[in-house]
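Participant: Quick one: the structure is below, questions incoming.
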Amino acid sequence: MFSFSDIMAEALALILNWDRNLSEIVILSLRVTLTAVLLSCLIGLPLGALVGAFRFPGRALVTVVLNALMGLPPVVVGLFVYLMLSASGPFGPLQLLYTPAAMIIAQTILVTPIVAALTKQVVEDLHGEYAEQFASMGLRAYQRVTALLWDARYSLMTVALAGFGRAVAEVGAVLIVGGNINHVTRVMTTTIALETSKGNLELALALGVLLLVIALLVNAVVMALRASAVRAAYA
Amino acid sequence: MRDTVMDMTPAKVATQDSLLAARDLCFHAGGKRLIDKVSVAIPEGRRTLVMGANGAGKSLLLRLLHGLLPATSGQILWQGAAPDDRARRTQAMVFQRPVMLRRSVLANLNFALSVHGVRGAERAEQAARALDMAGLSDLARHPARVLSGGEQQRLALARALICQPRLLFLDEPTSSLDPASTQRIEDLINAAHGRGVTIVMITHDMGQARRMGDEVIFLHAGQVAESGPIDQVLGHPKSEAARAWTQGRLYTSSTS
């Protein structure tokens with residue numbers, strides 16, 4: 001029976017002896033997560049800005065749905081995407097199941113409501129300040145949305161970080177639609193789950209440490225960018 | 001002889017050669033008539049002041065005339081017709097608290113020009129001219145939000161004027177400024193007026209009214225108490241509300 005310190009030492013040794021298998025898993029994790037976050041931002045930022053900046057019938061319902069979807073259970077999303085992409089599903093012919101693309105789709109579905117709902121709140125607050133000025137200047141709808149997104153860009157970095165946090169830590173949905181296939185769809189979280197169940201705690205812990213380091217690094221970089229940009233741009 | 005602002009019947013409003021007119025304008029909110037059958041005409045090329053006590057409806061009237069709020073009833077006419085988007089784009093407004101975009105001074109001006117489709121070298125040239133006019137050239141790269149109150153108001157005014165509006169609304173633009181900053185704002189407004197821009201400005205300041213006004217619309221409790229040339233309204237007020245105001249007496253509806 002190994003102690004925690006023994007396992008930790010082994011885990012650190014694995015990290016230091018960085019091998020091809022480990023880098024493959026880390027790179028795939030980052031590729032899937034960053035692509036999903038990027039897609040979520042492309043959809044969620046304008047969607048949230050539209051809901052935040054404009055009044056329209058059903059706006060309250062859209063807001064409630066977006067807020068509710070922030071808490072989507074990953075396994076339910078995984079199951080839904082699985083059904084859509086399985087051979088008998090509507091997108092079966094695309095043969096995306098058990099590929100990184102399927103994992104990206106699942107994560108995008110999970111992260112988009114988070115980005116959209118938080119963007120809506122940020123933009124709504126800013127729009128409250130700008131609304132009369134924009135109306136006075138006669139801005140068109142797309143001009144409003146782009147101006148609000150641009151001026152809220154530093155707050156929206158935090159929104160994107162929240163999406164990244166959700167995506168990078170996700171395991172249930174990517175396990176269902178990716179299948180955790182070695183060298184194909186195995187990412188950090190699914191590997192941690194698998195290796196823990198096998199009793200291979202050193203690798204699981206090494207990946208856990210790496211996951212934390214990556215999350216910390218991404219947050220630190222974004223926050224540093226935000227801080228320097230905010231200092232330069234406005235009080 | 002130039003037109004003057006008059007508290008007019010609808011028929012009279014229709015016959016005035018005004019840039020902007022309101023006919024029987026009403027605005028209700030919370031079960032109250034905040035603007036009550038206001039009919040006024042804004043003559044082109046003149047400086048019209050909107051005066052009255054707090055809560056008289058001055059800011060509300062400006063927002064209605066500028067189209068920022070929909071009237072409950074009544075009409076607004078731009079050169080005799082209902083204002084369209086094009087008419088709106090020839091108007092600008094400066095608010096009591098200037099709204100600064102989270103950008104540099106120069107980017108605030110560039111944004112206004114971009115909205116009006118001005119780009120490239122022409123935009124750079126116009127922005128530089130506006131910075132110079134507002135005395136903000138040295139602060140062009142500074143974040144707009146770190147400027148002083150007077151500088152922010154000058155930037156707001158420069159941004160409003162940069163697209164060469166025909167009509168400029170000003171909602172107490174100097175209410176929180178010191179005399180030196182007030183002087184610079186007044187100079188900018190007068191320079192714009194000298195270039196033919198029609199001015200509609202709210203002020204509480206009698207001295208400023210005498211310096212800056214050609215015409216006055218005096219509001220009381222959402223209605224036009226009196227209107228006309230500045231010397232007439234402030235020198236020989238006919239309404240009790242305007243008389244009390246010019247004499248520095250407290251006046252409410254219950255004392256009438």
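Ligands are numbered from 1 in the order shown, residues from 1 within each chain, and chains are lettered A, B, ... in the order they appear in the structure tokens.
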From a backbone DSSP assignment, name each residue in range 33-201 of chain A labelled helix (DSSP H, G or I), as a PyMOL selection string.

Facilitator: chain A and resi 33-53+59-69+74-85+92-94+100-137+141-151+153-168+172-178+188-198+201

Participant: Next, dump the selected residues to file, keeping only C-alpha atoms, as a compact mmCIF listing (two decimals), in the first residue's frame.

Facilitator:
# COMPACT_ATOMS: atom_id res chain seq x y z
CA THR A 33 -11.46 22.46 -24.83
CA LEU A 34 -10.11 25.54 -26.60
CA THR A 35 -12.03 24.74 -29.79
CA ALA A 36 -15.24 24.27 -27.81
CA VAL A 37 -14.69 27.53 -25.92
CA LEU A 38 -13.96 29.36 -29.16
CA LEU A 39 -17.13 28.02 -30.79
CA SER A 40 -19.13 28.82 -27.65
CA CYS A 41 -17.85 32.38 -27.71
CA LEU A 42 -18.68 32.75 -31.40
CA ILE A 43 -22.26 31.70 -30.64
CA GLY A 44 -22.73 32.85 -27.05
CA LEU A 45 -21.24 36.35 -27.21
CA PRO A 46 -23.52 37.75 -29.92
CA LEU A 47 -26.49 35.78 -28.59
CA GLY A 48 -25.98 37.11 -25.06
CA ALA A 49 -25.39 40.63 -26.40
CA LEU A 50 -28.62 40.55 -28.41
CA VAL A 51 -30.64 39.38 -25.42
CA GLY A 52 -28.88 41.88 -23.15
CA ALA A 53 -29.26 44.90 -25.40
CA ARG A 59 -37.03 37.92 -23.76
CA ALA A 60 -37.76 36.89 -20.18
CA LEU A 61 -38.34 33.31 -21.31
CA VAL A 62 -35.07 33.27 -23.27
CA THR A 63 -33.27 34.58 -20.19
CA VAL A 64 -34.78 31.91 -17.96
CA VAL A 65 -33.89 29.18 -20.46
CA LEU A 66 -30.29 30.45 -20.82
CA ASN A 67 -29.86 30.62 -17.06
CA ALA A 68 -31.34 27.16 -16.62
CA LEU A 69 -29.10 25.72 -19.34
CA PRO A 74 -23.04 16.85 -18.70
CA VAL A 75 -24.18 13.23 -18.89
CA VAL A 76 -27.55 14.34 -20.27
CA VAL A 77 -25.78 16.44 -22.92
CA GLY A 78 -23.51 13.48 -23.62
CA LEU A 79 -26.50 11.20 -24.05
CA PHE A 80 -28.26 13.72 -26.31
CA VAL A 81 -25.21 14.16 -28.55
CA TYR A 82 -24.69 10.38 -28.55
CA LEU A 83 -28.25 9.84 -29.82
CA MET A 84 -27.82 12.52 -32.47
CA LEU A 85 -24.50 11.14 -33.71
CA GLY A 92 -25.17 9.30 -37.97
CA PRO A 93 -23.93 9.44 -41.58
CA LEU A 94 -21.37 12.05 -40.54
CA PRO A 100 -12.71 14.56 -30.97
CA ALA A 101 -15.32 16.41 -33.06
CA ALA A 102 -18.10 14.75 -31.06
CA MET A 103 -16.40 15.82 -27.84
CA ILE A 104 -16.12 19.39 -29.13
CA ILE A 105 -19.83 19.38 -30.01
CA ALA A 106 -20.79 18.15 -26.54
CA GLN A 107 -18.58 20.70 -24.79
CA THR A 108 -19.84 23.50 -27.02
CA ILE A 109 -23.42 22.64 -26.04
CA LEU A 110 -22.42 22.73 -22.38
CA VAL A 111 -20.40 25.95 -22.51
CA THR A 112 -22.50 28.09 -24.88
CA PRO A 113 -25.33 28.75 -22.37
CA ILE A 114 -22.75 29.79 -19.78
CA VAL A 115 -21.11 32.25 -22.17
CA ALA A 116 -24.47 33.54 -23.44
CA ALA A 117 -26.06 33.99 -20.02
CA LEU A 118 -23.05 35.73 -18.48
CA THR A 119 -22.59 37.88 -21.59
CA LYS A 120 -26.22 38.88 -21.41
CA GLN A 121 -25.72 40.16 -17.86
CA VAL A 122 -22.51 42.03 -18.67
CA VAL A 123 -23.96 43.63 -21.80
CA GLU A 124 -27.26 44.48 -20.13
CA ASP A 125 -25.44 46.43 -17.41
CA LEU A 126 -23.29 48.28 -19.92
CA HIS A 127 -26.23 48.96 -22.20
CA GLY A 128 -28.08 50.56 -19.31
CA GLU A 129 -25.28 53.11 -19.26
CA TYR A 130 -24.98 53.57 -23.03
CA ALA A 131 -28.59 53.20 -24.21
CA GLU A 132 -29.52 56.88 -24.46
CA GLN A 133 -26.21 57.83 -26.05
CA PHE A 134 -26.56 55.09 -28.64
CA ALA A 135 -30.17 56.02 -29.34
CA SER A 136 -29.13 59.65 -29.72
CA MET A 137 -26.39 58.69 -32.18
CA ALA A 141 -28.68 47.05 -34.16
CA TYR A 142 -25.41 45.50 -35.35
CA GLN A 143 -23.52 48.67 -34.43
CA ARG A 144 -24.92 48.48 -30.91
CA VAL A 145 -24.01 44.83 -30.49
CA THR A 146 -20.47 45.21 -31.78
CA ALA A 147 -19.86 48.39 -29.74
CA LEU A 148 -21.17 46.79 -26.56
CA LEU A 149 -19.11 43.64 -27.06
CA TRP A 150 -16.00 45.69 -27.73
CA ASP A 151 -16.44 47.96 -24.72
CA ARG A 153 -14.27 43.00 -23.77
CA TYR A 154 -12.40 42.89 -20.47
CA SER A 155 -15.41 41.62 -18.54
CA LEU A 156 -16.06 39.15 -21.33
CA MET A 157 -12.59 37.68 -20.87
CA THR A 158 -13.80 36.51 -17.47
CA VAL A 159 -16.89 35.07 -19.13
CA ALA A 160 -14.71 33.10 -21.53
CA LEU A 161 -12.66 31.90 -18.56
CA ALA A 162 -15.80 30.62 -16.87
CA GLY A 163 -16.55 28.68 -20.06
CA PHE A 164 -13.00 27.35 -20.18
CA GLY A 165 -13.28 26.22 -16.56
CA ARG A 166 -16.42 24.30 -17.31
CA ALA A 167 -15.03 22.70 -20.47
CA VAL A 168 -11.60 21.72 -19.22
CA GLY A 172 -19.28 12.92 -18.29
CA ALA A 173 -20.26 14.13 -21.75
CA VAL A 174 -16.87 13.59 -23.41
CA LEU A 175 -16.70 10.08 -21.95
CA ILE A 176 -20.06 9.18 -23.52
CA VAL A 177 -19.48 10.68 -26.97
CA GLY A 178 -15.70 10.18 -27.13
CA MET A 188 -7.07 14.34 -19.21
CA THR A 189 -10.36 14.05 -17.33
CA THR A 190 -11.40 10.76 -18.88
CA THR A 191 -7.92 9.36 -18.33
CA ILE A 192 -8.02 10.40 -14.68
CA ALA A 193 -11.36 8.60 -14.25
CA LEU A 194 -10.08 5.47 -16.04
CA GLU A 195 -6.70 5.27 -14.33
CA THR A 196 -8.25 5.85 -10.91
CA SER A 197 -10.67 2.98 -11.47
CA LYS A 198 -7.74 0.80 -12.53
CA LEU A 201 -3.14 6.51 -9.16

Participant: Need to verify the contact set: Arg243 in chain B, 12 Å, only C-alpha atoms, exclusion of same-chain residues closer than 5 positions in sequence. Can you return it as a list in words?

Facilitator: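 Final neighbour list, sorted by chain and number: Gly52, Phe218, His220, Ala225, Glu226, Gln232, Val233, Leu234, Gly235, His236, Pro237, Lys238, Gly248, Arg249, Leu250, Tyr251 and Ser256 of chain B.
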
Participant: Output C-alpha atoms for every residue in that selection, as a CSV table (one decimal), in the first residue's frame.

Facilitator:
chain,number,residue,atom,x,y,z
B,52,GLY,CA,-38.2,75.7,-15.2
B,218,PHE,CA,-40.5,78.1,-19.6
B,220,HIS,CA,-44.1,74.4,-15.2
B,225,ALA,CA,-46.0,78.4,-18.7
B,226,GLU,CA,-44.5,81.0,-21.1
B,232,GLN,CA,-39.3,89.3,-22.8
B,233,VAL,CA,-39.6,86.1,-20.8
B,234,LEU,CA,-36.9,86.9,-18.3
B,235,GLY,CA,-37.3,90.7,-18.3
B,236,HIS,CA,-41.1,90.9,-18.3
B,237,PRO,CA,-42.5,87.5,-17.4
B,238,LYS,CA,-46.2,87.2,-17.8
B,248,GLY,CA,-35.9,83.9,-6.9
B,249,ARG,CA,-39.2,83.2,-5.1
B,250,LEU,CA,-40.3,79.7,-4.3
B,251,TYR,CA,-43.2,78.7,-6.5
B,256,SER,CA,-50.6,79.9,-7.8

Participant: Determine, for each residue of chain B having at least one atom at most 9 Å from an atom of chain A, the closest pair of atoms and their separation in Å to one decimal, counting only C-alpha atoms; order by chain and ascending number, as JSON lines.

Facilitator:
{"residue": "B:His66", "atom": "CA", "partner": "A:Ser136", "partner_atom": "CA", "distance": 7.4}
{"residue": "B:Gly67", "atom": "CA", "partner": "A:Ser136", "partner_atom": "CA", "distance": 8.0}
{"residue": "B:Leu68", "atom": "CA", "partner": "A:Ala135", "partner_atom": "CA", "distance": 6.4}
{"residue": "B:Asp85", "atom": "CA", "partner": "A:Gly138", "partner_atom": "CA", "distance": 7.5}
{"residue": "B:Arg88", "atom": "CA", "partner": "A:Gly138", "partner_atom": "CA", "distance": 6.8}
{"residue": "B:Arg89", "atom": "CA", "partner": "A:Gly138", "partner_atom": "CA", "distance": 6.1}
{"residue": "B:Gln91", "atom": "CA", "partner": "A:Ser136", "partner_atom": "CA", "distance": 7.8}
{"residue": "B:Ala92", "atom": "CA", "partner": "A:Ser136", "partner_atom": "CA", "distance": 6.1}
{"residue": "B:Met93", "atom": "CA", "partner": "A:Ser136", "partner_atom": "CA", "distance": 6.2}
{"residue": "B:Val94", "atom": "CA", "partner": "A:Gln133", "partner_atom": "CA", "distance": 8.3}
{"residue": "B:Phe95", "atom": "CA", "partner": "A:Gln133", "partner_atom": "CA", "distance": 8.2}
{"residue": "B:Pro98", "atom": "CA", "partner": "A:Gln133", "partner_atom": "CA", "distance": 8.9}
{"residue": "B:Val99", "atom": "CA", "partner": "A:Gln133", "partner_atom": "CA", "distance": 6.7}
{"residue": "B:Met100", "atom": "CA", "partner": "A:Tyr130", "partner_atom": "CA", "distance": 8.4}
{"residue": "B:Leu101", "atom": "CA", "partner": "A:Asp151", "partner_atom": "CA", "distance": 7.0}
{"residue": "B:Arg102", "atom": "CA", "partner": "A:Asp151", "partner_atom": "CA", "distance": 5.5}
{"residue": "B:Arg103", "atom": "CA", "partner": "A:Ala233", "partner_atom": "CA", "distance": 5.8}
{"residue": "B:Ser104", "atom": "CA", "partner": "A:Ala233", "partner_atom": "CA", "distance": 6.5}
{"residue": "B:Phe111", "atom": "CA", "partner": "A:Ala147", "partner_atom": "CA", "distance": 8.8}
{"residue": "B:Ala112", "atom": "CA", "partner": "A:Met137", "partner_atom": "CA", "distance": 7.5}
{"residue": "B:Val115", "atom": "CA", "partner": "A:Leu139", "partner_atom": "CA", "distance": 6.6}
{"residue": "B:His116", "atom": "CA", "partner": "A:Met137", "partner_atom": "CA", "distance": 8.8}
{"residue": "B:His142", "atom": "CA", "partner": "A:Ala233", "partner_atom": "CA", "distance": 7.6}
{"residue": "B:Pro143", "atom": "CA", "partner": "A:Tyr234", "partner_atom": "CA", "distance": 4.8}
{"residue": "B:Ala144", "atom": "CA", "partner": "A:Tyr234", "partner_atom": "CA", "distance": 6.8}
{"residue": "B:Arg145", "atom": "CA", "partner": "A:Tyr234", "partner_atom": "CA", "distance": 5.7}
{"residue": "B:Val146", "atom": "CA", "partner": "A:Ala235", "partner_atom": "CA", "distance": 5.6}
{"residue": "B:Ala160", "atom": "CA", "partner": "A:Met137", "partner_atom": "CA", "distance": 8.2}

Participant: Quick one: of B:Ser176, B:Gln75, B:Ala134, B:Leu106, who's nearest to Asp205 in chain B, counting only C-alpha atoms?

Facilitator: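 For Asp205 in chain B, the nearest of the given residues is B:Ser176.
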
Participant: Grab the CA of Gly179 in chain A to CA of Leu217 in chain A distance for me, in Å with one decimal place.

Facilitator: 28.1 Å
